[in-house]
file coords_7.txt (compact mmCIF, C-alpha atoms)
# COMPACT_ATOMS: atom_id res chain seq x y z
CA MET E 1 -12.23 -240.74 -8.10
CA GLU E 2 -13.50 -238.32 -5.44
CA PHE E 3 -14.46 -234.94 -6.90
CA ILE E 4 -15.66 -233.48 -3.59
CA LYS E 5 -14.12 -234.29 -0.20
CA PHE E 6 -15.16 -233.14 3.27
CA ARG E 7 -12.60 -233.96 5.97
CA ASN E 8 -13.55 -233.48 9.65
CA VAL E 9 -15.57 -230.39 8.77
CA GLU E 10 -17.21 -228.31 11.48
CA LYS E 11 -18.90 -224.93 11.27
CA THR E 12 -19.66 -222.79 14.31
CA TYR E 13 -21.20 -219.38 13.72
CA LYS E 14 -20.22 -216.29 15.71
CA ASN E 15 -23.40 -216.59 17.78
CA GLY E 16 -22.18 -219.97 19.03
CA VAL E 17 -24.51 -222.13 16.89
CA ASN E 18 -22.74 -225.30 15.78
CA ALA E 19 -24.28 -225.79 12.31
CA VAL E 20 -22.36 -228.87 11.16
CA TYR E 21 -20.22 -231.24 13.17
CA ASP E 22 -17.49 -233.69 12.09
CA ILE E 23 -18.61 -234.12 8.47
CA ASN E 24 -16.61 -236.66 6.43
CA LEU E 25 -17.96 -237.18 2.94
CA ASP E 26 -16.75 -238.19 -0.52
CA ILE E 27 -18.66 -237.47 -3.74
CA LYS E 28 -17.44 -238.86 -7.04
CA LYS E 29 -17.27 -236.96 -10.29
CA GLY E 30 -20.61 -237.19 -12.09
CA GLU E 31 -22.63 -238.25 -9.03
CA PHE E 32 -26.07 -236.88 -8.19
CA VAL E 33 -26.43 -236.46 -4.42
CA PHE E 34 -29.38 -235.17 -2.41
CA VAL E 35 -28.74 -233.58 0.99
CA ILE E 36 -31.83 -233.85 3.17
CA GLY E 37 -32.81 -233.15 6.77
CA ALA E 38 -35.13 -231.04 8.89
CA SER E 39 -34.81 -227.25 9.14
CA GLY E 40 -31.69 -226.48 11.14
CA SER E 41 -30.03 -229.80 10.27
CA GLY E 42 -27.13 -228.08 8.48
CA LYS E 43 -28.10 -228.56 4.82
CA SER E 44 -27.72 -224.96 3.71
CA THR E 45 -24.49 -224.49 5.67
CA LEU E 46 -22.96 -227.56 4.02
CA ILE E 47 -24.03 -226.29 0.58
CA LYS E 48 -22.74 -222.75 1.23
CA MET E 49 -19.33 -224.06 2.27
CA LEU E 50 -19.00 -225.78 -1.12
CA TYR E 51 -19.09 -222.49 -2.98
CA ARG E 52 -17.30 -220.53 -0.22
CA GLU E 53 -20.25 -218.45 0.94
CA GLU E 54 -19.17 -219.79 4.34
CA ARG E 55 -15.83 -221.14 5.56
CA PRO E 56 -15.57 -224.18 7.83
CA THR E 57 -14.36 -223.44 11.36
CA ILE E 58 -12.42 -226.71 11.35
CA GLY E 59 -11.55 -229.16 8.58
CA GLU E 60 -10.96 -229.16 4.84
CA ILE E 61 -13.23 -229.16 1.80
CA TYR E 62 -11.88 -230.06 -1.64
CA VAL E 63 -13.69 -229.47 -4.92
CA GLY E 64 -11.84 -230.78 -7.96
CA GLY E 65 -8.59 -230.80 -6.01
CA ILE E 66 -8.94 -227.21 -4.74
CA ASN E 67 -9.08 -226.65 -0.98
CA VAL E 68 -12.14 -224.37 -1.04
CA ALA E 69 -11.71 -223.31 2.59
CA LYS E 70 -8.34 -221.76 1.78
CA VAL E 71 -9.38 -219.79 -1.31
CA LYS E 72 -8.75 -216.11 -0.64
CA ASN E 73 -11.73 -213.76 -0.69
CA SER E 74 -10.24 -211.98 -3.70
CA LYS E 75 -10.12 -215.29 -5.64
CA VAL E 76 -13.60 -216.62 -4.79
CA TYR E 77 -14.98 -215.33 -8.10
CA LYS E 78 -12.56 -217.62 -9.96
CA LEU E 79 -13.81 -220.62 -7.98
CA ARG E 80 -17.43 -219.72 -8.75
CA ARG E 81 -16.76 -219.60 -12.47
CA LYS E 82 -16.30 -223.37 -12.24
CA ILE E 83 -19.45 -223.94 -10.16
CA GLY E 84 -23.09 -223.41 -11.14
CA ILE E 85 -25.49 -222.42 -8.34
CA VAL E 86 -29.30 -222.56 -8.37
CA PHE E 87 -31.39 -221.14 -5.51
CA GLN E 88 -35.00 -221.45 -4.40
CA ASP E 89 -35.74 -217.91 -5.60
CA TYR E 90 -34.79 -217.49 -9.23
CA LYS E 91 -32.87 -214.19 -8.89
CA LEU E 92 -33.62 -213.20 -12.49
CA LEU E 93 -33.20 -209.58 -13.54
CA PRO E 94 -36.76 -208.43 -14.36
CA LYS E 95 -35.81 -205.87 -17.02
CA LEU E 96 -33.69 -208.32 -19.02
CA THR E 97 -35.01 -210.93 -21.47
CA VAL E 98 -34.44 -214.64 -20.98
CA TYR E 99 -31.49 -214.47 -23.38
CA GLU E 100 -30.01 -211.42 -21.62
CA ASN E 101 -30.38 -213.00 -18.15
CA VAL E 102 -28.39 -216.05 -19.24
CA ALA E 103 -25.85 -214.05 -21.25
CA PHE E 104 -25.19 -211.59 -18.43
CA ALA E 105 -22.68 -213.76 -16.57
CA LEU E 106 -20.66 -214.46 -19.71
CA GLU E 107 -20.59 -210.82 -20.76
CA ILE E 108 -19.07 -209.88 -17.41
CA TYR E 109 -16.13 -212.15 -18.30
CA GLY E 110 -15.72 -210.32 -21.62
CA LEU E 111 -16.41 -213.28 -23.91
CA PRO E 112 -16.84 -212.51 -27.63
CA THR E 113 -20.47 -211.98 -28.70
CA VAL E 114 -20.42 -215.00 -31.04
CA GLU E 115 -19.26 -217.30 -28.23
CA VAL E 116 -21.80 -215.84 -25.81
CA ARG E 117 -24.61 -216.50 -28.30
CA ARG E 118 -23.49 -220.09 -28.92
CA LYS E 119 -23.27 -220.90 -25.20
CA VAL E 120 -26.55 -219.18 -24.27
CA LEU E 121 -28.57 -220.91 -27.00
CA LYS E 122 -27.02 -224.27 -26.09
CA ALA E 123 -27.95 -223.80 -22.40
CA LEU E 124 -31.51 -222.64 -23.22
CA ASP E 125 -31.95 -225.58 -25.58
CA LEU E 126 -30.89 -227.97 -22.83
CA VAL E 127 -33.54 -226.61 -20.45
CA GLY E 128 -36.21 -226.50 -23.17
CA LEU E 129 -36.53 -222.73 -23.51
CA LYS E 130 -34.77 -221.92 -26.78
CA SER E 131 -38.07 -220.54 -28.13
CA ARG E 132 -38.43 -218.04 -25.24
CA THR E 133 -35.24 -216.00 -25.71
CA LYS E 134 -37.12 -212.69 -26.09
CA SER E 135 -39.54 -213.21 -23.20
CA TYR E 136 -39.21 -211.35 -19.90
CA PRO E 137 -39.32 -213.09 -16.50
CA ASP E 138 -42.86 -211.86 -15.71
CA GLN E 139 -44.10 -213.55 -18.89
CA LEU E 140 -42.91 -216.95 -17.66
CA SER E 141 -44.33 -219.49 -15.22
CA GLY E 142 -42.43 -220.31 -12.02
CA GLY E 143 -41.08 -223.50 -13.54
CA GLU E 144 -39.88 -221.66 -16.65
CA GLN E 145 -38.19 -219.00 -14.52
CA GLN E 146 -36.37 -221.70 -12.59
CA ARG E 147 -35.26 -223.31 -15.85
CA VAL E 148 -33.86 -219.94 -16.97
CA ALA E 149 -31.97 -219.80 -13.65
CA ILE E 150 -30.62 -223.30 -14.34
CA ALA E 151 -29.56 -222.28 -17.86
CA ARG E 152 -27.72 -219.30 -16.37
CA ALA E 153 -25.99 -221.61 -13.86
CA ILE E 154 -24.77 -224.08 -16.51
CA VAL E 155 -24.02 -221.65 -19.37
CA ASN E 156 -20.29 -221.79 -18.61
CA SER E 157 -20.29 -225.63 -18.52
CA PRO E 158 -19.43 -226.02 -14.81
CA LYS E 159 -18.20 -229.37 -13.51
CA LEU E 160 -20.40 -228.94 -10.41
CA LEU E 161 -24.00 -227.73 -10.10
CA ILE E 162 -25.08 -226.84 -6.55
CA CYS E 163 -28.82 -226.54 -5.93
CA ASP E 164 -30.26 -225.11 -2.71
CA GLU E 165 -33.98 -225.98 -2.48
CA PRO E 166 -34.48 -225.38 -6.25
CA THR E 167 -38.07 -226.65 -6.23
CA GLY E 168 -39.12 -224.99 -2.96
CA ASN E 169 -41.49 -222.53 -4.67
CA LEU E 170 -42.94 -224.98 -7.21
CA ASP E 171 -45.91 -227.34 -7.27
CA PRO E 172 -45.19 -231.12 -7.47
CA ASP E 173 -45.68 -231.47 -11.25
CA THR E 174 -43.51 -228.45 -12.03
CA SER E 175 -40.92 -229.65 -9.53
CA LEU E 176 -40.67 -232.95 -11.40
CA GLU E 177 -40.20 -231.11 -14.71
CA VAL E 178 -37.36 -229.07 -13.22
CA MET E 179 -35.80 -232.21 -11.71
CA LYS E 180 -35.84 -233.95 -15.10
CA VAL E 181 -33.89 -230.99 -16.54
CA ILE E 182 -31.34 -231.26 -13.72
CA GLU E 183 -31.11 -235.03 -14.24
CA LYS E 184 -30.40 -234.43 -17.94
CA ILE E 185 -27.54 -232.08 -16.96
CA ASN E 186 -26.21 -234.83 -14.66
CA ASP E 187 -26.42 -237.36 -17.52
CA LEU E 188 -24.04 -235.10 -19.49
CA GLY E 189 -21.42 -235.52 -16.74
CA THR E 190 -22.03 -232.61 -14.35
CA THR E 191 -21.82 -233.46 -10.64
CA ILE E 192 -25.01 -232.42 -8.81
CA VAL E 193 -25.31 -231.67 -5.08
CA MET E 194 -28.82 -230.64 -4.05
CA ALA E 195 -30.26 -229.64 -0.68
CA THR E 196 -34.01 -230.19 -0.46
CA HIS E 197 -36.97 -230.64 1.90
CA ASP E 198 -38.97 -232.48 -0.76
CA ARG E 199 -38.68 -236.09 0.34
CA GLU E 200 -41.40 -237.29 -2.03
CA MET E 201 -39.41 -236.03 -4.99
CA VAL E 202 -36.20 -237.52 -3.56
CA ASP E 203 -37.96 -240.87 -3.33
CA LYS E 204 -39.02 -240.69 -6.99
CA MET E 205 -35.56 -239.76 -8.26
CA LYS E 206 -33.70 -242.71 -6.69
CA LYS E 207 -30.30 -241.04 -6.31
CA ARG E 208 -27.75 -241.15 -3.49
CA VAL E 209 -29.11 -239.43 -0.38
CA ILE E 210 -27.18 -237.83 2.51
CA LEU E 211 -29.28 -237.34 5.66
CA LEU E 212 -28.23 -234.67 8.16
CA ASP E 213 -29.59 -234.35 11.69
CA ASN E 214 -28.51 -231.60 14.11
CA GLY E 215 -25.43 -230.91 12.01
CA LYS E 216 -24.26 -234.51 11.80
CA LEU E 217 -24.24 -236.86 8.81
CA VAL E 218 -26.37 -239.70 10.18
CA LYS E 219 -27.18 -241.73 7.02
CA ASP E 220 -25.66 -242.15 3.57
CA TYR E 221 -28.06 -244.04 1.31
CA GLU E 222 -26.68 -245.58 -1.84
CA LYS E 223 -28.40 -244.75 -5.11
CA GLY E 224 -32.00 -245.99 -5.05
CA SER E 225 -31.92 -247.38 -1.49
CA TYR E 226 -33.61 -244.41 0.21
CA SER E 227 -37.36 -244.73 0.71
CA HIS E 228 -39.74 -242.00 1.84
CA TYR E 229 -41.39 -244.69 3.96
CA GLU E 230 -38.40 -245.53 6.13
CA GLY E 231 -39.67 -243.11 8.74
CA ASN E 232 -36.64 -240.82 8.71
call {"tool": "encode", "arguments": {"input": "coords_7.txt", "output": "C-alpha cells"}}
result
Amino acid sequence: MEFIKFRNVEKTYKNGVNAVYDINLDIKKGEFVFVIGASGSGKSTLIKMLYREERPTIGEIYVGGINVAKVKNSKVYKLRRKIGIVFQDYKLLPKLTVYENVAFALEIYGLPTVEVRRKVLKALDLVGLKSRTKSYPDQLSGGEQQRVAIARAIVNSPKLLICDEPTGNLDPDTSLEVMKVIEKINDLGTTIVMATHDREMVDKMKKRVILLDNGKLVKDYEKGSYSHYEGN
C-alpha cells in the first residue's frame, strides 16, 4: 500500500526557477528511500514539499492519505506532529540538556510529565544516548548531537521520518553510525525518506534510490540495485 504519493508534481519558485518537474512517485509504508542528485537537482524541494515547507505549483502529494498540498497554513503544525524531520545542522538548543532538548517538543503539546519522561527515555535509548540525558550539546560530538536530533524527531513515534542531508557535517565513520541508528528506526516500521549527497554511504546501505536530475526523476533503483560505480 502506498504511504506517499506524488502525482504530476511541479514546483516553480517566484523567481521563475523550475525546481521539480512532473514528479510521479509511490513510496510504500515502511520503505527506506534515498533521494540523490547533484546540487540544484530538486532534492531539497521534493523533501520540503513532503512536510509542507513548500507547496507544489501543480500536482498532488499524499502522505498517509492526507493531501499535503491542501493543508491550510493554520493546520500545518498538526501535520508535522505526525512527521519527524532531521536536518544537516542539528538545531539543538544550547542551554538545554539532551533530555530537555528531546522533551521540548512534547511539552509544547502539554503531555503529562510521566508520559514525556517515558517517551524521551525510549527515544534516547533507541539512539544509544540514554546515559547522556544530563549532558549539554557542547559536551557531545557531532555524531552524538545528530543522534539527539534524531531522538527529538522520533520521540512522538511518527510514521514518517524525513532526513535532509543528515550526515552532511559528519565524517564517514560517524555518518555510518548515524545511518545504522536510522536503519534501526526503519526496522521498527517507520518510513524513511532521505535526501543526501553521500553516494558512498548510499551504496553501502543498499536501499531503494531515487535519482533526480534538473528537477526530473530520471532513475528509480530497486533496493540494492544502485551502485556507486554506475557512473551516475
call {"tool": "closest_residue", "arguments": {"input": "coords_7.txt", "among": "E:Ile4, E:Leu161, E:Val35, E:Val148", "to": "Lys82 (chain E)", "atoms": "all atoms listed in the file"}}
result
E:Leu161
call {"tool": "closest_residue", "arguments": {"input": "coords_7.txt", "among": "E:Ile185, E:Val114, E:Ala105, E:Val178", "to": "Pro166 (chain E)", "atoms": "all atoms listed in the file"}}
result
E:Val178
call {"tool": "closest_residue", "arguments": {"input": "coords_7.txt", "among": "E:Ser227, E:Ser175, E:Asn156, E:Thr190", "to": "Lys206 (chain E)", "atoms": "all atoms listed in the file"}}
result
E:Ser227
call {"tool": "closest_atom_pairs", "arguments": {"input": "coords_7.txt", "of": "region 124-215 of chain E", "to": "region 22-31 of chain E", "cutoff": "12 Å", "atoms": "only C-alpha atoms", "output": "Markdown table"}}
result
| residue | atom | partner | partner_atom | distance |
| --- | --- | --- | --- | --- |
| E:Pro158 | CA | E:Gly30 | CA | 11.6 |
| E:Lys159 | CA | E:Lys29 | CA | 8.3 |
| E:Leu160 | CA | E:Gly30 | CA | 8.4 |
| E:Leu161 | CA | E:Gly30 | CA | 10.2 |
| E:Ile162 | CA | E:Glu31 | CA | 11.9 |
| E:Glu183 | CA | E:Glu31 | CA | 10.5 |
| E:Lys184 | CA | E:Gly30 | CA | 11.7 |
| E:Ile185 | CA | E:Gly30 | CA | 9.9 |
| E:Asn186 | CA | E:Gly30 | CA | 6.6 |
| E:Asp187 | CA | E:Gly30 | CA | 8.0 |
| E:Leu188 | CA | E:Gly30 | CA | 8.4 |
| E:Gly189 | CA | E:Gly30 | CA | 5.0 |
| E:Thr190 | CA | E:Gly30 | CA | 5.3 |
| E:Thr191 | CA | E:Gly30 | CA | 4.2 |
| E:Ile192 | CA | E:Glu31 | CA | 6.3 |
| E:Val193 | CA | E:Glu31 | CA | 8.1 |
| E:Met194 | CA | E:Glu31 | CA | 11.0 |
| E:Lys207 | CA | E:Glu31 | CA | 8.6 |
| E:Arg208 | CA | E:Glu31 | CA | 8.1 |
| E:Val209 | CA | E:Glu31 | CA | 10.9 |
| E:Ile210 | CA | E:Leu25 | CA | 9.3 |
| E:Leu211 | CA | E:Ile23 | CA | 11.5 |
| E:Leu212 | CA | E:Ile23 | CA | 9.6 |
| E:Asp213 | CA | E:Ile23 | CA | 11.4 |
| E:Asn214 | CA | E:Asp22 | CA | 11.4 |
| E:Gly215 | CA | E:Ile23 | CA | 8.3 |
call {"tool": "residues_near_point", "arguments": {"input": "coords_7.txt", "point": "(-27.7, -225.0, -22.7)", "cutoff": "12 Å", "atoms": "all atoms listed in the file", "output": "PyMOL selection string"}}
result
chain E and resi 99+102-103+116-130+147-158+181-182+184-185+188
call {"tool": "closest_residue", "arguments": {"input": "coords_7.txt", "among": "E:Ser41, E:Gln145, E:Thr57, E:Lys70", "to": "Gly16 (chain E)", "atoms": "only C-alpha atoms"}}
result
E:Thr57
call {"tool": "atom_distance", "arguments": {"input": "coords_7.txt", "atom1": "CA of Tyr109 (chain E)", "atom2": "CA of Ser74 (chain E)"}}
result
15.7 Å
call {"tool": "residues_near_point", "arguments": {"input": "coords_7.txt", "point": "(-38.2, -227.1, -6.1)", "cutoff": "9 Å", "atoms": "all atoms listed in the file", "output": "list in words"}}
result
Gln88, Gly143, Gln146, Asp164, Glu165, Pro166, Thr167, Gly168, Asn169, Leu170, Asp171, Pro172, Thr174, Ser175, Leu176, Val178, Met179, Thr196, His197 and Asp198 of chain E
call {"tool": "closest_residue", "arguments": {"input": "coords_7.txt", "among": "E:Ser135, E:Thr12, E:Ser225, E:Ser141", "to": "Gly42 (chain E)", "atoms": "all atoms listed in the file"}}
result
E:Thr12
call {"tool": "closest_residue", "arguments": {"input": "coords_7.txt", "among": "E:Tyr136, E:Tyr221, E:Phe104, E:Phe3", "to": "Tyr62 (chain E)", "atoms": "only C-alpha atoms"}}
result
E:Phe3
